[in-house]
Structures are given as C-alpha cells and as structure tokens.
Amino acid sequence: MFGITRENLRKAQALLAAAALLVTAASASAQEVHMIEGATPSAEELADRLFPEEAPTYKTRSIVMKDAPPPKPPQTIGFQVRFGFDSAEILADSQPFLDQLGQALKTDQAKNEKLVIEGHTDAIGGEDYNQTLSERRAASVRNYLVEAHKINPSRLVTKGLGEAAPLPETKPTAAKNRRVQFRKAN
C-alpha cells in the first residue's frame with residue numbers, strides 16, 4: 001500500500017501553503033475598479049475612498065483589542081471624464097467631478113498623499129494612437145488639477161494605458177472603457 005511519511009506530509013503542506021500564498025497575492029494585485037456613475041461624490045467621499053484613514057491604535061501594556069475593524073483598503077476609482085472628440089480637452093460636464101477630486105486632495109487625510117491618474121481608451125483606432133491619446137488625456141486631467149486647484153504637480157503621477165486594460169465584462173470597443181482612473185500611489 002501507499003505509505004505516507006512525515007516528510008512527505010510536510011512537503012505537501014509546504015506546497016499547499018505556497019499555493020495559497022500565490023492565490024492570495026494574485027487576488028490582492030488585481031485591484032477592483034469602482035466606476036462612478038450618476039451623482040458626483042463629495043470631496044470627503046472621494047478622500048475616504050482613495051485615502052482611507054487607518055484605524056486608531058492604542059498603546060497598552062498587554063491588552064489585545066480583538067474587535068477592532070480591519071482598515072479599509074484604498075480604492076481605485078474610475079470616472080468617464082469626457083473629452084472633445086479626438087482630443088485631450090476636458091468637457092465642461094466633467095469638471096464638477098474633477099473639482100470635487102481637487103478638493104479631496106486638499107483634505108487633511110490626503111494632503112500628503114500622491115495620486116496616480118490613469119488614462120484609458122477603447123479599442124477603436126490604432127493601438128499606438130490610443131496609447132498616445134490616453135497619455136495626453138491623463139496629462140490634461142493632471143494639468144486641470146494643478147491649474148484649477150493649485151495641487152502640487154509632484155503629487156500627481158500620470159500614466160496612459162491606452163486600450164490595454166478594458167473593464168472586466170465589457171467589450172474592448174465599449175464606450176465605458178474611455179475613462180480616467182484614480183488611485184493612491186504606493
């Protein structure tokens with residue numbers, strides 16, 4: 001019959017632990033995008049989503065707090081910033097969201113944080129063209145926040161991802177993929 005030795009059991013446990021660690025790491029790195037549609041959230045709501053405050057810690061000698069809730073992870077927020085056709089010019093109907101974002105960056109919880117601004121496109125048009133357009137649009141949002149809200153440019157990092165990262169469960173050519181995403185810089 002098949003004999004299970006302690007050594008083989010330890011090896012199997014080590015392999016299972018390593019596999020579980022890989023699965024956990026993979027799911028943590030694939031950050032979910034929270035698309036904002038409809039009413040524009042307030043500056044405070046945006047700051048809470050992008051830069052959640054950590055739960056307070058208390059120094060004690062040997063008391064363990066068991067019921068403290070885990071800190072909320074920062075979210076990646078997506079918004080369909082509207083631009084002129086084939087352009088990086090921000091249309092007026094997108095400015096209220098960007099104005100709230102500018103105010104959020106001035107809150108106490110966000111004033112020392114950096115923000116990544118990612119431009120995305122749909123898959124209509126050439127890949128190289130879409131890459132350049134996404135970079136120009138991310139830079140346009142950055143410039144708006146710097147000029148209109150006096151945000152220090154060193155706090156804003158821009159990335160253009162072109163058509164490379166469509167939203168899950170959407171067609172690559174869907175209009176919803178024409179968006180700008182915001183997340184806390186690591």
# chains A, B, ... in the order shown; residues from 1 in each chain; ligands from 1
$ residues_around --residues "Leu167 of chain A" --least-positions-apart "4" --cutoff "9 Å" --atoms "only C-alpha atoms" --output "PyMOL selection string"
chain A and resi 33+171-172+176-177
$ write_last_selection --atoms "all heavy atoms" --output "PDB file, in the first residue's frame"
ATOM      1  N   VAL A  33     -11.881  48.081  -9.848  1.00  0.00           N
ATOM      2  CA  VAL A  33     -12.153  49.466 -10.206  1.00  0.00           C
ATOM      3  C   VAL A  33     -13.594  49.787  -9.825  1.00  0.00           C
ATOM      4  O   VAL A  33     -14.510  49.069 -10.207  1.00  0.00           O
ATOM      5  CB  VAL A  33     -11.949  49.708 -11.715  1.00  0.00           C
ATOM      6  CG1 VAL A  33     -12.293  51.143 -12.081  1.00  0.00           C
ATOM      7  CG2 VAL A  33     -10.527  49.381 -12.111  1.00  0.00           C
ATOM      8  N   LYS A 171     -16.951  44.823 -23.660  1.00  0.00           N
ATOM      9  CA  LYS A 171     -16.274  44.655 -24.942  1.00  0.00           C
ATOM     10  C   LYS A 171     -15.147  45.680 -25.019  1.00  0.00           C
ATOM     11  O   LYS A 171     -15.303  46.807 -24.535  1.00  0.00           O
ATOM     12  CB  LYS A 171     -17.254  44.889 -26.091  1.00  0.00           C
ATOM     13  CG  LYS A 171     -18.306  43.831 -26.220  1.00  0.00           C
ATOM     14  CD  LYS A 171     -19.212  44.133 -27.402  1.00  0.00           C
ATOM     15  CE  LYS A 171     -20.281  43.072 -27.549  1.00  0.00           C
ATOM     16  NZ  LYS A 171     -21.171  43.345 -28.683  1.00  0.00           N
ATOM     17  N   PRO A 172     -14.018  45.332 -25.604  1.00  0.00           N
ATOM     18  CA  PRO A 172     -12.909  46.291 -25.709  1.00  0.00           C
ATOM     19  C   PRO A 172     -13.297  47.590 -26.418  1.00  0.00           C
ATOM     20  O   PRO A 172     -12.705  48.627 -26.155  1.00  0.00           O
ATOM     21  CB  PRO A 172     -11.845  45.528 -26.495  1.00  0.00           C
ATOM     22  CG  PRO A 172     -12.148  44.086 -26.239  1.00  0.00           C
ATOM     23  CD  PRO A 172     -13.648  44.014 -26.113  1.00  0.00           C
ATOM     24  N   LYS A 176     -17.595  52.653 -22.340  1.00  0.00           N
ATOM     25  CA  LYS A 176     -17.278  52.682 -20.906  1.00  0.00           C
ATOM     26  C   LYS A 176     -15.768  52.578 -20.657  1.00  0.00           C
ATOM     27  O   LYS A 176     -15.280  52.998 -19.618  1.00  0.00           O
ATOM     28  CB  LYS A 176     -18.016  51.530 -20.222  1.00  0.00           C
ATOM     29  CG  LYS A 176     -18.092  51.623 -18.741  1.00  0.00           C
ATOM     30  CD  LYS A 176     -19.019  50.542 -18.197  1.00  0.00           C
ATOM     31  CE  LYS A 176     -19.252  50.781 -16.729  1.00  0.00           C
ATOM     32  NZ  LYS A 176     -20.209  49.855 -16.164  1.00  0.00           N
ATOM     33  N   ASN A 177     -15.039  52.017 -21.611  1.00  0.00           N
ATOM     34  CA  ASN A 177     -13.592  51.894 -21.455  1.00  0.00           C
ATOM     35  C   ASN A 177     -12.861  53.217 -21.654  1.00  0.00           C
ATOM     36  O   ASN A 177     -11.686  53.323 -21.317  1.00  0.00           O
ATOM     37  CB  ASN A 177     -13.048  50.832 -22.412  1.00  0.00           C
ATOM     38  CG  ASN A 177     -13.423  49.448 -21.967  1.00  0.00           C
ATOM     39  OD1 ASN A 177     -13.290  49.104 -20.800  1.00  0.00           O
ATOM     40  ND2 ASN A 177     -13.921  48.650 -22.886  1.00  0.00           N
TER      41      ASN A 177
END
$ select_by_dssp --residues "segment 27-144 of chain A" --states "strand (DSSP E or B)" --output "JSON, numbers by chain"
{"A": [33, 34, 35, 36, 76, 77, 78, 79, 83, 90, 115, 116, 117, 118, 119]}
$ write_last_selection --atoms "C-alpha atoms" --output "short mmCIF file (atom, residue, chain, number, x, y, z; two decimals), in the first residue's frame"
data_model
loop_
_atom_site.label_atom_id
_atom_site.label_comp_id
_atom_site.auth_asym_id
_atom_site.auth_seq_id
_atom_site.Cartn_x
_atom_site.Cartn_y
_atom_site.Cartn_z
CA VAL A 33 -12.15 49.47 -10.21
CA HIS A 34 -15.12 51.28 -8.69
CA MET A 35 -16.73 53.16 -11.56
CA ILE A 36 -18.51 56.34 -10.50
CA THR A 76 -9.25 52.59 -7.49
CA ILE A 77 -11.92 54.94 -8.80
CA GLY A 78 -12.91 55.12 -12.44
CA PHE A 79 -14.78 58.05 -13.96
CA PHE A 83 -13.13 64.92 -23.69
CA ILE A 90 -11.86 68.24 -20.87
CA LEU A 115 -2.39 60.25 -6.72
CA VAL A 116 -1.97 58.15 -9.88
CA ILE A 117 -4.06 59.37 -12.83
CA GLU A 118 -4.50 56.65 -15.46
CA GLY A 119 -5.91 57.40 -18.90
#
$ atom_distance --atom1 "atom CA of Asp86 of chain A" --atom2 "atom CA of Glu32 of chain A"
27.9 Å
$ closest_residue --among "A:Arg82, A:Arg178, A:Lys114, A:Arg6" --to "Val157 of chain A" --atoms "only C-alpha atoms"
A:Lys114
$ atom_distance --atom1 "atom CA of Gln181 of chain A" --atom2 "atom CA of Lys150 of chain A"
20.2 Å
